[in-house]
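Student: Dropping in target-v2.cif, which is mmCIF, C-alpha atoms and all ligand atoms:
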```
data_coords
loop_
_atom_site.label_atom_id
_atom_site.label_comp_id
_atom_site.auth_asym_id
_atom_site.auth_seq_id
_atom_site.Cartn_x
_atom_site.Cartn_y
_atom_site.Cartn_z
CA MET A 114 -24.16 15.82 15.30
CA SER A 115 -25.13 12.80 17.28
CA LEU A 116 -28.07 11.22 15.51
CA GLY A 117 -28.62 8.29 17.77
CA PHE A 118 -26.54 6.03 19.91
CA PHE A 119 -25.98 2.57 18.48
CA VAL A 120 -23.50 0.31 20.15
CA LEU A 121 -21.00 0.42 22.96
CA TRP A 122 -18.34 -2.21 23.26
CA ASN A 123 -16.19 -2.46 26.34
CA VAL A 124 -12.88 -4.10 26.72
CA SER A 125 -12.92 -4.48 30.41
CA CYS A 126 -9.79 -4.59 32.48
CA SER A 127 -9.54 -4.35 36.24
CA GLY A 128 -9.74 -1.01 38.03
CA LYS A 129 -12.08 1.94 37.86
CA HIS A 130 -10.96 3.66 34.65
CA LYS A 131 -9.28 0.68 33.03
CA THR A 132 -11.63 0.59 30.11
CA LEU A 133 -11.08 0.92 26.39
CA THR A 134 -14.35 1.58 24.63
CA ILE A 135 -15.68 2.12 21.15
CA LYS A 136 -19.05 3.67 20.52
CA LYS A 137 -20.80 3.93 17.18
CA GLU A 138 -23.35 6.55 16.17
CA ARG A 139 -24.83 7.74 12.91
CA PHE A 140 -23.10 10.65 11.22
CA GLY A 141 -25.13 10.89 7.98
CA MET A 142 -25.52 9.51 4.46
CA PHE A 143 -23.33 9.88 1.39
CA ASP A 144 -23.61 8.17 -2.01
CA GLY A 145 -26.45 6.07 -0.58
CA LYS A 146 -24.16 4.75 2.12
CA GLN A 147 -24.26 5.15 5.87
CA ALA A 148 -21.47 7.15 7.46
CA ASN A 149 -20.99 6.55 11.18
CA LEU A 150 -18.91 8.19 13.84
CA TYR A 151 -16.85 5.84 16.00
CA THR A 152 -15.67 7.14 19.36
CA LEU A 153 -12.60 5.39 20.73
CA THR A 154 -11.73 6.14 24.37
CA ASN A 155 -8.78 4.87 26.41
CA ASP A 156 -8.32 4.47 30.16
CA LYS A 157 -6.73 7.94 30.46
CA GLY A 158 -9.79 9.58 28.93
CA MET A 159 -8.21 10.30 25.56
CA VAL A 160 -10.84 10.33 22.81
CA VAL A 161 -10.49 9.75 19.07
CA LYS A 162 -13.57 10.10 16.89
CA ILE A 163 -13.37 8.65 13.41
CA THR A 164 -15.90 8.60 10.62
CA ASN A 165 -15.82 6.00 7.88
CA TYR A 166 -16.53 8.84 5.41
CA GLY A 167 -12.99 9.52 4.18
CA GLY A 168 -11.59 7.71 7.22
CA ILE A 169 -11.60 11.14 8.83
CA ILE A 170 -10.38 11.70 12.37
CA GLN A 171 -13.00 14.20 13.45
CA THR A 172 -11.85 14.68 17.07
CA LEU A 173 -8.65 13.84 18.90
CA THR A 174 -8.14 14.94 22.47
CA ALA A 175 -4.87 15.16 24.37
CA PRO A 176 -4.04 16.31 27.92
CA ASP A 177 -2.21 19.54 28.72
CA ARG A 178 0.22 19.73 31.63
CA ASN A 179 -2.70 20.18 34.05
CA GLY A 180 -4.28 17.00 32.78
CA LYS A 181 -6.95 18.83 30.81
CA PHE A 182 -8.04 16.98 27.67
CA GLU A 183 -8.85 19.21 24.72
CA ASP A 184 -9.36 18.71 21.02
CA VAL A 185 -6.10 19.10 19.07
CA VAL A 186 -7.33 18.65 15.50
CA LEU A 187 -9.37 20.75 13.11
CA GLY A 188 -12.60 19.54 11.56
CA TYR A 189 -16.37 19.90 11.42
CA ASP A 190 -19.26 18.89 13.67
CA ARG A 191 -21.45 17.72 10.80
CA LEU A 192 -20.95 15.39 7.86
CA ASP A 193 -22.59 17.92 5.52
CA ASP A 194 -19.80 20.39 6.18
CA TYR A 195 -17.19 17.79 5.21
CA LEU A 196 -19.17 17.09 2.04
CA LYS A 197 -19.40 20.76 1.10
CA ASP A 198 -15.80 21.86 1.44
CA SER A 199 -12.91 20.44 3.39
CA PRO A 200 -9.19 20.96 2.83
CA TYR A 201 -8.72 17.24 3.64
CA PHE A 202 -9.34 17.81 7.40
CA GLY A 203 -8.23 14.64 9.20
CA ALA A 204 -8.72 12.42 6.14
CA ILE A 205 -7.01 9.38 4.69
CA VAL A 206 -5.32 10.59 1.56
CA GLY A 207 -4.88 8.25 -1.43
CA ARG A 208 -4.32 6.63 -3.83
CA TYR A 209 -1.37 9.01 -3.93
CA GLY A 210 -0.69 11.57 -1.21
CA ASN A 211 0.46 14.95 -2.51
CA ARG A 212 1.14 15.93 -6.11
CA ILE A 213 1.90 14.13 -9.34
CA ALA A 214 3.08 16.58 -12.01
CA ARG A 215 0.40 17.22 -14.63
CA GLY A 216 -1.27 14.03 -13.39
CA ARG A 217 0.98 12.03 -15.71
CA PHE A 218 3.39 9.18 -15.28
CA THR A 219 4.72 6.26 -17.31
CA LEU A 220 4.80 2.79 -15.80
CA ASP A 221 6.11 -0.32 -17.59
CA GLY A 222 6.04 1.64 -20.86
CA VAL A 223 2.41 2.74 -20.54
CA GLN A 224 1.53 6.40 -20.04
CA TYR A 225 -1.26 7.15 -17.57
CA GLN A 226 -3.24 10.35 -17.27
CA LEU A 227 -4.77 11.00 -13.85
CA ALA A 228 -7.42 13.54 -12.97
CA THR A 229 -5.95 17.01 -12.38
CA ASN A 230 -7.42 18.98 -9.50
CA ASN A 231 -4.69 21.39 -8.38
CA GLY A 232 -3.73 23.79 -11.16
CA PRO A 233 -1.98 21.62 -13.73
CA ASN A 234 -1.30 18.85 -11.20
CA HIS A 235 -2.92 15.87 -9.53
CA LEU A 236 -3.25 16.30 -5.73
CA HIS A 237 -4.18 13.80 -2.99
CA GLY A 238 -5.70 11.17 -5.26
CA GLY A 239 -7.65 13.46 -7.59
CA ILE A 240 -11.17 14.83 -7.76
CA LYS A 241 -12.66 12.06 -5.66
CA GLY A 242 -9.85 10.61 -3.61
CA PHE A 243 -9.98 8.23 -0.65
CA ASP A 244 -10.97 11.21 1.53
CA LYS A 245 -14.32 11.43 -0.28
CA VAL A 246 -15.55 7.83 -0.22
CA VAL A 247 -17.40 5.79 2.38
CA TRP A 248 -15.22 3.01 3.77
CA SER A 249 -16.44 -0.21 5.39
CA ALA A 250 -15.70 -0.20 9.10
CA GLU A 251 -15.11 -2.92 11.64
CA PRO A 252 -14.25 -2.34 15.30
CA ILE A 253 -11.64 -4.73 16.68
CA HIS A 254 -10.71 -5.30 20.33
CA GLU A 255 -7.43 -6.29 21.78
CA LYS A 256 -6.28 -6.42 25.36
CA ASP A 257 -4.39 -3.13 25.38
CA LYS A 258 -5.80 -1.23 22.40
CA VAL A 259 -9.04 -0.48 20.70
CA ARG A 260 -9.01 -0.48 16.92
CA LEU A 261 -11.11 0.50 13.95
CA LYS A 262 -10.40 -1.23 10.66
CA LEU A 263 -11.51 0.57 7.52
CA THR A 264 -11.49 -1.04 4.10
CA TYR A 265 -12.08 0.27 0.59
CA LEU A 266 -11.81 -1.21 -2.88
CA SER A 267 -10.53 1.37 -5.34
CA PRO A 268 -11.59 0.12 -8.79
CA ASP A 269 -9.29 -0.14 -11.80
CA GLY A 270 -9.28 3.23 -13.56
CA GLU A 271 -10.48 5.27 -10.57
CA GLU A 272 -9.18 8.82 -11.06
CA GLY A 273 -7.04 7.33 -13.86
CA TYR A 274 -5.04 4.85 -11.73
CA PRO A 275 -4.35 1.33 -12.98
CA GLY A 276 -5.47 -1.74 -11.06
CA ASN A 277 -8.08 -2.70 -8.50
CA LEU A 278 -6.55 -1.67 -5.21
CA LYS A 279 -7.75 -3.26 -1.98
CA VAL A 280 -6.96 -0.86 0.84
CA ALA A 281 -7.21 -1.23 4.60
CA VAL A 282 -6.39 1.33 7.25
CA ILE A 283 -6.36 0.36 10.92
CA TYR A 284 -6.57 3.06 13.55
CA SER A 285 -5.59 1.98 17.08
CA LEU A 286 -5.80 3.89 20.33
CA THR A 287 -3.62 2.58 23.15
CA ASN A 288 -3.64 3.27 26.88
CA HIS A 289 -0.33 5.11 26.40
CA ASN A 290 -2.07 7.93 24.52
CA GLU A 291 -0.83 6.68 21.19
CA LEU A 292 -2.77 6.80 17.98
CA GLU A 293 -1.37 4.21 15.60
CA ILE A 294 -2.24 4.20 11.93
CA GLU A 295 -1.44 1.20 9.78
CA TYR A 296 -1.99 1.17 6.04
CA PHE A 297 -2.29 -1.95 3.87
CA ALA A 298 -2.88 -2.36 0.13
CA GLN A 299 -2.82 -5.00 -2.58
CA THR A 300 -3.28 -4.56 -6.31
CA ASP A 301 -3.93 -6.62 -9.42
CA LYS A 302 -1.93 -4.26 -11.72
CA ALA A 303 1.19 -2.22 -11.00
CA THR A 304 0.19 1.17 -9.60
CA PRO A 305 1.64 4.01 -7.56
CA VAL A 306 0.43 4.02 -3.93
CA ASN A 307 1.22 6.60 -1.27
CA LEU A 308 -1.22 6.70 1.63
CA THR A 309 -1.15 9.19 4.46
CA HIS A 310 -3.15 10.90 7.18
CA HIS A 311 -4.07 14.55 6.63
CA GLY A 312 -4.76 15.70 10.20
CA TYR A 313 -4.49 19.42 10.95
CA PHE A 314 -2.98 19.69 14.43
CA ASN A 315 -3.15 22.59 16.84
CA LEU A 316 -1.88 21.61 20.28
CA THR A 317 -3.16 24.76 22.02
CA GLY A 318 -6.55 23.02 22.46
CA HIS A 319 -9.57 24.04 20.39
CA CYS A 320 -7.45 26.45 18.36
CA LYS A 321 -6.85 28.98 21.14
CA ARG A 322 -3.87 30.37 19.26
CA ASP A 323 -2.20 29.86 15.90
CA ILE A 324 0.55 27.29 15.43
CA LEU A 325 3.46 29.72 15.00
CA GLU A 326 4.77 29.22 18.54
CA HIS A 327 4.66 25.44 18.26
CA GLN A 328 8.16 24.03 18.27
CA LEU A 329 8.86 21.51 15.58
CA TRP A 330 11.62 18.94 15.36
CA ILE A 331 12.21 17.00 12.15
CA ASN A 332 14.97 14.44 11.89
CA ALA A 333 16.01 15.40 8.36
CA ASP A 334 19.25 16.73 6.88
CA TYR A 335 17.62 17.29 3.46
CA PHE A 336 14.35 18.45 1.98
CA THR A 337 12.98 18.35 -1.56
CA PRO A 338 12.72 21.87 -3.02
CA VAL A 339 9.78 22.52 -5.36
CA ASP A 340 8.89 24.59 -8.43
CA SER A 341 6.22 27.27 -8.36
CA THR A 342 3.47 24.61 -8.68
CA LEU A 343 4.89 22.71 -5.67
CA ILE A 344 6.35 19.82 -7.69
CA PRO A 345 9.77 18.63 -6.45
CA THR A 346 12.60 19.59 -8.78
CA GLY A 347 14.39 16.31 -7.98
CA GLU A 348 17.10 17.98 -5.92
CA LEU A 349 17.73 16.88 -2.34
CA ARG A 350 18.83 20.13 -0.71
CA PRO A 351 20.64 20.31 2.65
CA VAL A 352 18.53 22.06 5.31
CA GLU A 353 21.73 23.46 6.86
CA GLY A 354 21.62 27.27 6.95
CA THR A 355 18.03 27.45 5.61
CA PRO A 356 14.62 28.04 7.27
CA PHE A 357 14.04 24.32 6.63
CA ASP A 358 16.45 23.23 9.33
CA PHE A 359 14.34 21.74 12.15
CA ARG A 360 17.06 19.43 13.46
CA GLN A 361 16.84 21.39 16.71
CA PRO A 362 13.29 22.07 17.92
CA THR A 363 12.41 25.50 16.49
CA ALA A 364 9.31 27.68 16.62
CA ILE A 365 7.46 27.40 13.33
CA GLY A 366 7.00 31.17 13.19
CA ALA A 367 10.69 31.93 13.71
CA ARG A 368 11.65 31.89 10.02
CA ILE A 369 8.38 31.40 8.16
CA ASN A 370 8.44 34.93 6.74
CA ASP A 371 12.10 34.87 5.71
CA PRO A 372 12.77 36.09 2.17
CA ASP A 373 13.29 32.59 0.82
CA GLU A 374 12.16 31.46 -2.63
CA GLN A 375 10.97 28.07 -1.36
CA LEU A 376 8.86 29.69 1.38
CA LYS A 377 7.46 32.02 -1.28
CA TYR A 378 6.39 29.09 -3.49
CA GLY A 379 4.71 27.35 -0.54
CA ARG A 380 3.34 30.60 0.99
CA GLY A 381 5.06 29.19 4.06
CA TYR A 382 6.08 25.61 4.70
CA ASP A 383 4.57 23.12 2.26
CA HIS A 384 7.44 20.78 1.59
CA ASN A 385 8.69 17.23 1.93
CA TRP A 386 11.54 16.48 4.34
CA VAL A 387 13.83 13.54 3.61
CA LEU A 388 13.85 11.65 6.90
CA ASN A 389 17.23 10.47 8.18
CA GLN A 390 17.96 6.76 8.57
CA ALA A 391 14.65 5.83 6.94
CA ASP A 392 15.19 2.10 6.42
CA GLY A 393 11.58 0.93 6.54
CA THR A 394 11.54 0.33 10.30
CA LEU A 395 9.54 2.40 12.76
CA LYS A 396 11.55 5.34 14.13
CA LEU A 397 10.96 8.56 16.04
CA GLN A 398 11.30 11.11 13.22
CA ALA A 399 9.44 14.28 14.26
CA ALA A 400 7.94 16.02 17.29
CA LEU A 401 5.69 18.98 17.91
CA TYR A 402 5.47 20.92 21.17
CA ASP A 403 3.26 23.72 22.40
CA PRO A 404 5.20 25.42 25.22
CA GLN A 405 2.11 27.12 26.70
CA SER A 406 -0.08 24.05 27.16
CA GLY A 407 2.81 21.61 27.52
CA ARG A 408 1.27 19.28 24.92
CA TYR A 409 3.86 17.23 23.11
CA MET A 410 3.29 15.01 20.08
CA GLN A 411 5.92 12.58 18.81
CA ILE A 412 5.72 10.97 15.40
CA TYR A 413 7.12 7.52 14.78
CA THR A 414 7.09 6.30 11.21
CA ASP A 415 8.62 3.82 8.81
CA GLN A 416 8.14 6.20 5.87
CA PRO A 417 10.99 8.03 4.07
CA GLY A 418 9.29 11.45 3.86
CA LEU A 419 7.36 13.96 5.92
CA GLN A 420 5.24 16.66 4.29
CA PHE A 421 5.02 19.61 6.66
CA TYR A 422 2.26 22.00 5.63
CA SER A 423 1.83 25.06 7.86
CA GLY A 424 -1.84 25.74 7.11
CA ASN A 425 -0.99 28.49 4.64
CA PHE A 426 -4.26 28.26 2.77
CA LEU A 427 -6.44 28.59 5.88
CA ASP A 428 -7.76 32.14 5.66
CA GLY A 429 -10.60 32.46 8.18
CA SER A 430 -13.29 31.48 5.68
CA ILE A 431 -13.88 28.10 7.34
CA VAL A 432 -15.98 27.86 10.48
CA GLY A 433 -15.17 24.56 12.13
CA LYS A 434 -16.14 22.58 15.22
CA GLY A 435 -17.98 24.53 17.89
CA GLY A 436 -18.12 27.61 15.62
CA VAL A 437 -14.36 28.16 15.77
CA VAL A 438 -13.00 30.15 12.83
CA TYR A 439 -9.93 28.53 11.30
CA LYS A 440 -7.69 31.47 10.62
CA HIS A 441 -4.37 31.64 8.78
CA ARG A 442 -1.98 29.05 10.24
CA TYR A 443 -4.37 27.76 12.88
CA GLY A 444 -3.51 24.17 11.99
CA LEU A 445 -0.57 22.28 10.56
CA CYS A 446 -0.18 18.93 8.85
CA LEU A 447 2.62 16.43 9.33
CA GLU A 448 2.03 13.82 6.67
CA THR A 449 4.27 10.77 6.80
CA GLN A 450 4.64 9.42 3.29
CA HIS A 451 6.81 8.95 0.23
CA PHE A 452 8.05 11.97 -1.67
CA PRO A 453 5.61 13.90 -3.88
CA ASP A 454 5.75 13.08 -7.61
CA SER A 455 7.86 9.95 -7.06
CA PRO A 456 6.37 8.19 -10.12
CA ASN A 457 8.22 10.82 -12.22
CA HIS A 458 11.45 10.67 -10.20
CA PRO A 459 13.20 7.31 -10.54
CA GLU A 460 15.88 8.65 -8.16
CA PHE A 461 13.30 8.86 -5.30
CA PRO A 462 12.31 5.77 -3.28
CA SER A 463 9.79 3.82 -5.36
CA THR A 464 6.05 4.09 -4.76
CA ILE A 465 5.09 1.36 -7.22
CA LEU A 466 3.09 -1.55 -5.83
CA ARG A 467 2.98 -4.69 -7.96
CA PRO A 468 0.59 -7.66 -7.96
CA GLY A 469 1.57 -10.16 -5.26
CA GLU A 470 3.18 -7.47 -3.09
CA GLN A 471 1.75 -6.22 0.20
CA TYR A 472 1.86 -2.49 0.93
CA HIS A 473 2.16 -2.05 4.67
CA THR A 474 3.25 1.11 6.48
CA LYS A 475 2.82 2.40 10.00
CA THR A 476 2.85 5.75 11.76
CA ILE A 477 2.27 6.49 15.45
CA TYR A 478 1.28 9.85 16.90
CA LYS A 479 2.11 9.73 20.61
CA PHE A 480 0.77 12.39 22.97
CA SER A 481 2.38 13.38 26.27
CA ILE A 482 3.49 16.55 28.08
CA LYS A 483 6.76 18.36 28.68
C1 LIG B 501 -0.43 20.04 0.49
C2 LIG B 501 -0.83 21.48 0.36
C3 LIG B 501 -2.33 21.55 0.27
C4 LIG B 501 -2.90 20.91 1.52
C5 LIG B 501 -4.39 20.94 1.57
C6 LIG B 501 -1.04 19.50 1.74
O1 LIG B 501 -0.72 18.16 1.88
O2 LIG B 501 0.96 19.88 0.51
O3 LIG B 501 -0.24 22.08 -0.77
O4 LIG B 501 -2.77 22.88 0.15
O5 LIG B 501 -2.45 19.59 1.61
O6 LIG B 501 -4.94 20.54 0.41
#
```
Produce structure tokens that represent the structure in this file.
Tutor:
Amino acid sequence: MSLGFFVLWNVSCSGKHKTLTIKKERFGMFDGKQANLYTLTNDKGMVVKITNYGGIIQTLTAPDRNGKFEDVVLGYDRLDDYLKDSPYFGAIVGRYGNRIARGRFTLDGVQYQLATNNGPNHLHGGIKGFDKVVWSAEPIHEKDKVRLKLTYLSPDGEEGYPGNLKVAVIYSLTNHNELEIEYFAQTDKATPVNLTHHGYFNLTGHCKRDILEHQLWINADYFTPVDSTLIPTGELRPVEGTPFDFRQPTAIGARINDPDEQLKYGRGYDHNWVLNQADGTLKLQAALYDPQSGRYMQIYTDQPGLQFYSGNFLDGSIVGKGGVVYKHRYGLCLETQHFPDSPNHPEFPSTILRPGEQYHTKTIYKFSIK
């Protein structure tokens, strides 16, 4: 994987391990552009590796209750594997995260047709979304965090979307074992925008077990039920009395096989939760816990929705990092975002960005132990 060491920046603070570093190495070439791998390390020893191909988080380590750092995300060792076939492992998803029904929407009286790449629907930005482009990258240093800024210009008409969209995503690693992700965008024509991070988490460390014993908490009284093609019907359904109630931390496997029509459509969980008290400010809205390792991940976000996908389409056909086979439900996604298909649901919070406006959202994944 490592094709040559390039640069090492240090943000030096006092004390033996008080160092935040970022290292850059070559990862490969795509579309005639150089993809690098940036390794961010904090003073605790937590490591986040990010490639500017797709803005992918390739590695993310977190300590267990014995202080042992292990990788808690799925992915590949080599760029070529990402290029061949990746179910959005660790990527930035855009211009629109999740589905838009039949790839169609009407905006200011004009009908747009997007690329369709998921049955009849548009998924995660289309055939070549933000997960499949090379971003420009710039390391930034601050006193208490190390950051990588990625930028991409999505041209007018890309995948059918209106407007030139200037996008920036800033990843920051702090000395408190937090990974912060900030998303920015500006457009010259009105367009839907819904950016998210598509990390597949498995807190057992290098996928020792599946994710069914992970306990999940989601601060949501409602979720958005879907049709058989996973498009929201428009209803906000109470989670009360359903397998979608995660208001108390609950093992993911506890109800996943219940005879429930929604679970049947998703082949498990693949739904959007309507986060409580989402008023645009950063709030603790979800948490994931692996009782065996003690690893605990809290999610703070300013977004109104959370797509929880329980890795239902992983089937053992993918061999990932270190030769590990990614079997059914060996990873799960917690994507902070707006609701799927919002451009066709005026009753959902709006995802339309207009010229002169600044899109800015933030999500923090904080790692600790319990
Ligand atoms: C979607 C799933 C999809 C997965 C991988 C998730 O965000 O909700 O339906 O299979 O991404 O593509």
Student: Counting all atoms listed in the file, select every polymer residue within 12 Å of (-2.3, 3.5, -20.9) as defined in the file's coordinates, and provide the selection as an NGL selection string.
Tutor: :A and (217-227 or 270 or 273-276 or 303-304)
Student: Calculate how many Å separate atom CA of Lys137 of chain A from atom CA of Lys241 of chain A, rounding to one decimal.
Tutor: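 Taking atom CA of Lys137 of chain A as the start and atom CA of Lys241 of chain A as the end point, the length is 25.6 Å.
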Student: Given a cut-off of 9 Å, what residues near ligand LIG 501 (chain B) show up using only C-alpha atoms and all ligand atoms, put as a PyMOL selection string?
Tutor: chain A and resi 199-202+206+210-212+231+236-237+311+343+379+382-385+420-427+446-448+453
Student: Can you tell me which residues surround segment 459-461 of chain A at a distance of at most 10 Å, considering only C-alpha atoms, apart from same-chain residues fewer than 3 positions away, and format the answer as a tab-separated table (two decimals) with C-alpha atoms, in the coordinates of the input?
Tutor:
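See selection_14.tsv below for the written result:
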```
chain	number	residue	atom	x	y	z
A	347	GLY	CA	14.39	16.31	-7.98
A	348	GLU	CA	17.10	17.98	-5.92
A	349	LEU	CA	17.73	16.88	-2.34
A	417	PRO	CA	10.99	8.03	4.07
A	451	HIS	CA	6.81	8.95	0.23
A	452	PHE	CA	8.05	11.97	-1.67
A	453	PRO	CA	5.61	13.90	-3.88
A	454	ASP	CA	5.75	13.08	-7.61
A	455	SER	CA	7.86	9.95	-7.06
A	456	PRO	CA	6.37	8.19	-10.12
A	464	THR	CA	6.05	4.09	-4.76
```
Student: Using all atoms listed in the file, find the one residue out of A:Arg350, A:Lys181, A:Asn332, A:Leu445 that sits nearest to Lys396 of chain A.
Tutor: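 Under the stated criterion, the closest residue is A:Asn332.
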Student: Here is a test: counting all atoms listed in the file, which residue of A:Gly366, A:Gly435, A:Gly207, A:Pro462 is nearest to Val387 of chain A?
Tutor: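 Among the listed residues, A:Pro462 lies closest to Val387 of chain A.
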Student: Rounded to one decimal, what separation in Å do you get between atom CA of Lys475 of chain A and atom CA of Glu295 of chain A?
Tutor: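 Computing it gives 4.4 Å between the two atoms.
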Student: Just the number, please: distance in Å from atom CA of Gly232 of chain A to atom CA of Ile344 of chain A, one decimal.
Tutor: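 Interatomic distance here is 11.4 Å.
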Student: Around the point (-6.3, 15.9, 27.2) in the file's coordinates, collect all residues with an atom within 12 Å, using all atoms listed in the file, and return them as a PyMOL selection string.
Tutor: chain A and resi 154-161+172-185+290+316-319+406-410+480-482
Student: Compare A:Ala399, A:Ala364, A:Ala228, A:Val339 by their minimum atom-to-atom distance to Tyr378 of chain A, counting only C-alpha atoms, and give me the closest one.
Tutor: A:Val339
Student: Which of these, A:Tyr166, A:Leu286, A:Asp257, A:Lys434, has the shortest distance to Arg191 of chain A once you count all atoms listed in the file?
Tutor: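 Of all the options, A:Lys434 lies closest to Arg191 of chain A.
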Student: Taking all atoms listed in the file into account, which of A:Gln450, A:Thr264, A:Thr287, A:Thr414 comes nearest Thr132 of chain A?
Tutor: A:Thr287
Student: Rank nothing, just name the residue among A:Tyr478, A:Lys483, A:Ser267, A:Thr355 nearest to Gln328 of chain A, using only C-alpha atoms.
Tutor: A:Lys483
Student: Because some atoms of segment 431-452 of chain A are absent here, can you restore N, CA and C atoms and send them as an mmCIF file, keeping the file's coordinate frame?
Tutor:
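Written out: selection-v1.cif:
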```cif
data_model
loop_
_atom_site.group_PDB
_atom_site.id
_atom_site.type_symbol
_atom_site.label_atom_id
_atom_site.label_comp_id
_atom_site.auth_asym_id
_atom_site.auth_seq_id
_atom_site.Cartn_x
_atom_site.Cartn_y
_atom_site.Cartn_z
ATOM 1 N N ILE A 431 -13.269 29.349 6.863
ATOM 2 C CA ILE A 431 -13.880 28.100 7.340
ATOM 3 C C ILE A 431 -14.262 28.225 8.806
ATOM 4 N N VAL A 432 -15.525 27.909 9.090
ATOM 5 C CA VAL A 432 -15.980 27.860 10.480
ATOM 6 C C VAL A 432 -16.076 26.385 10.845
ATOM 7 N N GLY A 433 -15.275 25.974 11.792
ATOM 8 C CA GLY A 433 -15.170 24.560 12.130
ATOM 9 C C GLY A 433 -15.950 24.181 13.374
ATOM 10 N N LYS A 434 -15.465 23.136 14.037
ATOM 11 C CA LYS A 434 -16.140 22.580 15.220
ATOM 12 C C LYS A 434 -16.422 23.656 16.262
ATOM 13 N N GLY A 435 -17.604 23.607 16.815
ATOM 14 C CA GLY A 435 -17.980 24.530 17.890
ATOM 15 C C GLY A 435 -17.963 25.988 17.445
ATOM 16 N N GLY A 436 -18.073 26.234 16.128
ATOM 17 C CA GLY A 436 -18.120 27.610 15.620
ATOM 18 C C GLY A 436 -16.762 28.301 15.596
ATOM 19 N N VAL A 437 -15.699 27.548 15.773
ATOM 20 C CA VAL A 437 -14.360 28.160 15.770
ATOM 21 C C VAL A 437 -13.939 28.501 14.337
ATOM 22 N N VAL A 438 -13.452 29.720 14.161
ATOM 23 C CA VAL A 438 -13.000 30.150 12.830
ATOM 24 C C VAL A 438 -11.547 29.739 12.650
ATOM 25 N N TYR A 439 -11.286 29.011 11.562
ATOM 26 C CA TYR A 439 -9.930 28.530 11.300
ATOM 27 C C TYR A 439 -9.150 29.569 10.490
ATOM 28 N N LYS A 440 -8.431 30.380 11.248
ATOM 29 C CA LYS A 440 -7.690 31.470 10.620
ATOM 30 C C LYS A 440 -6.357 30.989 10.055
ATOM 31 N N HIS A 441 -5.675 31.918 9.394
ATOM 32 C CA HIS A 441 -4.370 31.640 8.780
ATOM 33 C C HIS A 441 -3.445 30.967 9.799
ATOM 34 N N ARG A 442 -2.948 29.781 9.427
ATOM 35 C CA ARG A 442 -1.980 29.050 10.240
ATOM 36 C C ARG A 442 -2.526 28.657 11.624
ATOM 37 N N TYR A 443 -3.780 28.274 11.642
ATOM 38 C CA TYR A 443 -4.370 27.760 12.880
ATOM 39 C C TYR A 443 -4.308 26.235 12.954
ATOM 40 N N GLY A 444 -3.686 25.621 11.955
ATOM 41 C CA GLY A 444 -3.510 24.170 11.990
ATOM 42 C C GLY A 444 -2.344 23.814 11.103
ATOM 43 N N LEU A 445 -1.696 22.708 11.394
ATOM 44 C CA LEU A 445 -0.570 22.280 10.560
ATOM 45 C C LEU A 445 -0.656 20.783 10.332
ATOM 46 N N CYS A 446 -0.152 20.357 9.185
ATOM 47 C CA CYS A 446 -0.180 18.930 8.850
ATOM 48 C C CYS A 446 1.238 18.378 8.863
ATOM 49 N N LEU A 447 1.359 17.163 9.356
ATOM 50 C CA LEU A 447 2.620 16.430 9.330
ATOM 51 C C LEU A 447 2.296 15.075 8.730
ATOM 52 N N GLU A 448 2.479 14.990 7.415
ATOM 53 C CA GLU A 448 2.030 13.820 6.670
ATOM 54 C C GLU A 448 3.205 12.902 6.381
ATOM 55 N N THR A 449 3.191 11.736 7.013
ATOM 56 C CA THR A 449 4.270 10.770 6.800
ATOM 57 C C THR A 449 3.972 10.016 5.511
ATOM 58 N N GLN A 450 4.923 9.988 4.609
ATOM 59 C CA GLN A 450 4.640 9.420 3.290
ATOM 60 C C GLN A 450 5.906 9.286 2.470
ATOM 61 N N HIS A 451 5.718 8.889 1.195
ATOM 62 C CA HIS A 451 6.810 8.950 0.230
ATOM 63 C C HIS A 451 6.834 10.344 -0.389
ATOM 64 N N PHE A 452 7.884 10.625 -1.140
ATOM 65 C CA PHE A 452 8.050 11.970 -1.670
ATOM 66 C C PHE A 452 6.993 12.266 -2.742
#
```
